[in-house]
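Notes follow the structure.
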Amino acid sequence: MHSGIRLKQLRKELNIPQTEIAALLNVAQQVVSYHEKNGSLGTDKLSLIAKKYNIDIRYFFEDKPAAHYRTTSLQANSAQGPDIPVGWHDLLEDISALDYDKIKFIETVIKALLKEFSR
């Protein structure tokens, strides 16, 4: 099984559109479609996908379900800072680049979601 088929399986399992993968890889959606049907992707592209969706790159070369390769462990942010989920570094960087009002809005939404999911 080639990595293109595995990419398609991952997309279906995580409900990711081809257009999102195309944007991540900076290619047209048709290129993603081609690779899913006919070929493999280079390890550089697979590495980008793996990092973005918190999945071990071995997923693309082995035949186990994606859940087996999901990386949900915590990584220390710094010696003094809290542990944060793998893959959240980019998200936190993006948030920190926003202005104060937008950050406060995101904080409000997250708190509401935490309250809802903690029930």
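Residue numbering restarts at 1 in every chain; chains get A, B, ... in the order shown in the structure tokens, and ligands count up from 1 in that same order.
Close contacts of region 5-8 of chain A, defined as residues with an atom at most 7 Å away when counting only C-alpha atoms, with chain neighbours fewer than 3 positions off set aside, comprise A:Met1, A:His2, A:Arg11, A:Lys12, A:Glu36, A:Lys37, A:Phe60.
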Residue subset to file, keeping N, CA and C atoms, as a compact mmCIF listing (two decimals), in the first residue's frame:
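Listing of selection.txt after writing:
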# COMPACT_ATOMS: atom_id res chain seq x y z
N MET A 1 0.85 -1.18 0.00
CA MET A 1 0.00 0.00 0.00
C MET A 1 0.89 1.24 0.00
N HIS A 2 0.57 2.19 -0.87
CA HIS A 2 1.40 3.39 -0.93
C HIS A 2 0.85 4.50 -0.03
N ARG A 11 -7.54 11.13 5.76
CA ARG A 11 -8.48 12.22 5.50
C ARG A 11 -9.91 11.81 5.82
N LYS A 12 -10.27 10.61 5.39
CA LYS A 12 -11.65 10.13 5.62
C LYS A 12 -11.89 9.93 7.12
N GLU A 36 -3.39 10.52 -4.07
CA GLU A 36 -4.23 9.54 -3.36
C GLU A 36 -4.57 8.35 -4.26
N LYS A 37 -4.71 8.59 -5.54
CA LYS A 37 -5.08 7.53 -6.48
C LYS A 37 -3.88 6.79 -7.07
N PHE A 60 1.86 6.29 7.64
CA PHE A 60 1.84 6.25 6.19
C PHE A 60 2.56 5.03 5.60
Alpha helix (DSSP H) per DSSP on the backbone: members of region 35-119 of chain A, as a ChimeraX atom specification:
/A:35-38,43-52,66-69,88-96,100-117
Export of the given selection (N, CA and C atoms) as a CSV table (one decimal), in the first residue's frame:
chain,number,residue,atom,x,y,z
A,35,HIS,N,-2.2,12.0,-6.1
A,35,HIS,CA,-1.4,11.2,-5.2
A,35,HIS,C,-2.2,10.2,-4.4
A,36,GLU,N,-3.4,10.5,-4.1
A,36,GLU,CA,-4.2,9.5,-3.4
A,36,GLU,C,-4.6,8.4,-4.3
A,37,LYS,N,-4.7,8.6,-5.5
A,37,LYS,CA,-5.1,7.5,-6.5
A,37,LYS,C,-3.9,6.8,-7.1
A,38,ASN,N,-2.8,7.5,-7.3
A,38,ASN,CA,-1.7,7.0,-8.1
A,38,ASN,C,-0.3,6.9,-7.5
A,43,THR,N,8.6,12.2,1.8
A,43,THR,CA,8.6,12.2,3.3
A,43,THR,C,8.5,13.6,3.8
A,44,ASP,N,9.0,14.6,3.1
A,44,ASP,CA,8.9,16.0,3.5
A,44,ASP,C,7.4,16.4,3.6
A,45,LYS,N,6.6,16.0,2.7
A,45,LYS,CA,5.2,16.3,2.7
A,45,LYS,C,4.4,15.5,3.7
A,46,LEU,N,4.8,14.2,3.8
A,46,LEU,CA,4.2,13.4,4.8
A,46,LEU,C,4.5,13.9,6.3
A,47,SER,N,5.7,14.4,6.4
A,47,SER,CA,6.1,15.0,7.7
A,47,SER,C,5.2,16.2,8.1
A,48,LEU,N,4.9,17.0,7.1
A,48,LEU,CA,4.1,18.2,7.4
A,48,LEU,C,2.7,17.8,7.8
A,49,ILE,N,2.1,16.8,7.1
A,49,ILE,CA,0.8,16.3,7.4
A,49,ILE,C,0.8,15.6,8.8
A,50,ALA,N,1.8,14.8,9.1
A,50,ALA,CA,1.9,14.1,10.4
A,50,ALA,C,1.9,15.2,11.5
A,51,LYS,N,2.7,16.2,11.3
A,51,LYS,CA,2.8,17.2,12.4
A,51,LYS,C,1.5,18.0,12.6
A,52,LYS,N,0.9,18.4,11.5
A,52,LYS,CA,-0.3,19.1,11.5
A,52,LYS,C,-1.5,18.4,12.2
A,66,ALA,N,-5.4,4.7,12.2
A,66,ALA,CA,-4.8,6.0,12.6
A,66,ALA,C,-4.8,6.2,14.2
A,67,ALA,N,-5.8,5.7,14.8
A,67,ALA,CA,-5.8,5.8,16.3
A,67,ALA,C,-4.6,5.3,17.0
A,68,HIS,N,-4.0,4.2,16.3
A,68,HIS,CA,-2.8,3.6,16.9
A,68,HIS,C,-1.6,4.6,16.9
A,69,TYR,N,-1.6,5.5,15.9
A,69,TYR,CA,-0.5,6.5,15.7
A,69,TYR,C,-0.7,7.9,16.2
A,88,TRP,N,0.0,21.7,19.8
A,88,TRP,CA,-0.7,23.0,20.2
A,88,TRP,C,0.3,24.1,20.1
A,89,HIS,N,1.6,23.9,19.9
A,89,HIS,CA,2.5,25.0,19.8
A,89,HIS,C,2.2,26.0,18.7
A,90,ASP,N,1.9,25.5,17.5
A,90,ASP,CA,1.5,26.4,16.4
A,90,ASP,C,0.2,27.1,16.7
A,91,LEU,N,-0.8,26.4,17.3
A,91,LEU,CA,-2.0,27.1,17.7
A,91,LEU,C,-1.8,28.2,18.7
A,92,LEU,N,-1.0,28.0,19.7
A,92,LEU,CA,-0.7,29.0,20.7
A,92,LEU,C,0.1,30.2,20.1
A,93,GLU,N,1.0,29.9,19.2
A,93,GLU,CA,1.7,31.0,18.5
A,93,GLU,C,0.7,31.8,17.7
A,94,ASP,N,-0.2,31.2,17.0
A,94,ASP,CA,-1.2,31.9,16.2
A,94,ASP,C,-2.0,32.8,17.1
A,95,ILE,N,-2.5,32.2,18.2
A,95,ILE,CA,-3.3,33.0,19.1
A,95,ILE,C,-2.5,34.2,19.7
A,96,SER,N,-1.3,33.9,20.1
A,96,SER,CA,-0.5,35.0,20.7
A,96,SER,C,-0.3,36.2,19.8
A,100,TYR,N,-5.5,41.8,21.9
A,100,TYR,CA,-6.0,41.5,23.2
A,100,TYR,C,-7.5,41.1,23.1
A,101,ASP,N,-8.3,41.9,22.4
A,101,ASP,CA,-9.7,41.6,22.4
A,101,ASP,C,-10.0,40.3,21.8
A,102,LYS,N,-9.3,39.9,20.7
A,102,LYS,CA,-9.5,38.6,20.1
A,102,LYS,C,-9.1,37.5,21.0
A,103,ILE,N,-8.0,37.7,21.7
A,103,ILE,CA,-7.5,36.6,22.6
A,103,ILE,C,-8.6,36.4,23.7
A,104,LYS,N,-9.1,37.5,24.3
A,104,LYS,CA,-10.1,37.4,25.3
A,104,LYS,C,-11.4,36.7,24.8
A,105,PHE,N,-11.7,37.0,23.6
A,105,PHE,CA,-12.9,36.3,23.0
A,105,PHE,C,-12.6,34.8,22.9
A,106,ILE,N,-11.5,34.4,22.4
A,106,ILE,CA,-11.1,33.0,22.3
A,106,ILE,C,-11.1,32.3,23.7
A,107,GLU,N,-10.6,33.0,24.7
A,107,GLU,CA,-10.6,32.5,26.0
A,107,GLU,C,-12.0,32.3,26.5
A,108,THR,N,-12.9,33.2,26.2
A,108,THR,CA,-14.3,33.0,26.6
A,108,THR,C,-14.9,31.8,26.0
A,109,VAL,N,-14.7,31.6,24.7
A,109,VAL,CA,-15.2,30.5,24.0
A,109,VAL,C,-14.7,29.2,24.5
A,110,ILE,N,-13.4,29.1,24.8
A,110,ILE,CA,-12.7,27.9,25.3
A,110,ILE,C,-13.3,27.6,26.7
A,111,LYS,N,-13.5,28.6,27.6
A,111,LYS,CA,-14.0,28.3,28.9
A,111,LYS,C,-15.5,27.8,28.8
A,112,ALA,N,-16.3,28.3,27.8
A,112,ALA,CA,-17.6,27.8,27.7
A,112,ALA,C,-17.6,26.3,27.2
A,113,LEU,N,-16.7,26.0,26.3
A,113,LEU,CA,-16.5,24.7,25.8
A,113,LEU,C,-16.1,23.7,26.9
A,114,LEU,N,-15.1,24.2,27.7
A,114,LEU,CA,-14.7,23.3,28.8
A,114,LEU,C,-15.8,23.0,29.7
A,115,LYS,N,-16.6,24.0,30.0
A,115,LYS,CA,-17.7,23.9,30.9
A,115,LYS,C,-18.7,22.8,30.3
A,116,GLU,N,-19.0,23.0,29.1
A,116,GLU,CA,-19.9,22.1,28.4
A,116,GLU,C,-19.4,20.6,28.3
A,117,PHE,N,-18.1,20.4,28.0
A,117,PHE,CA,-17.6,19.1,27.9
A,117,PHE,C,-17.2,18.5,29.3
Residues near Pro65 (chain A), cut-off 10 Å, only C-alpha atoms, skip fewer than 5 positions along chain, as a list in words
Arg6, Gln9, Leu10, Glu13, Tyr59 and Arg70 of chain A
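For the residues A:Phe61, A:Leu98, A:Val32, A:Tyr53, ranking by smallest atom-to-atom distance to Thr19 (chain A) using only C-alpha atoms places A:Val32 first.
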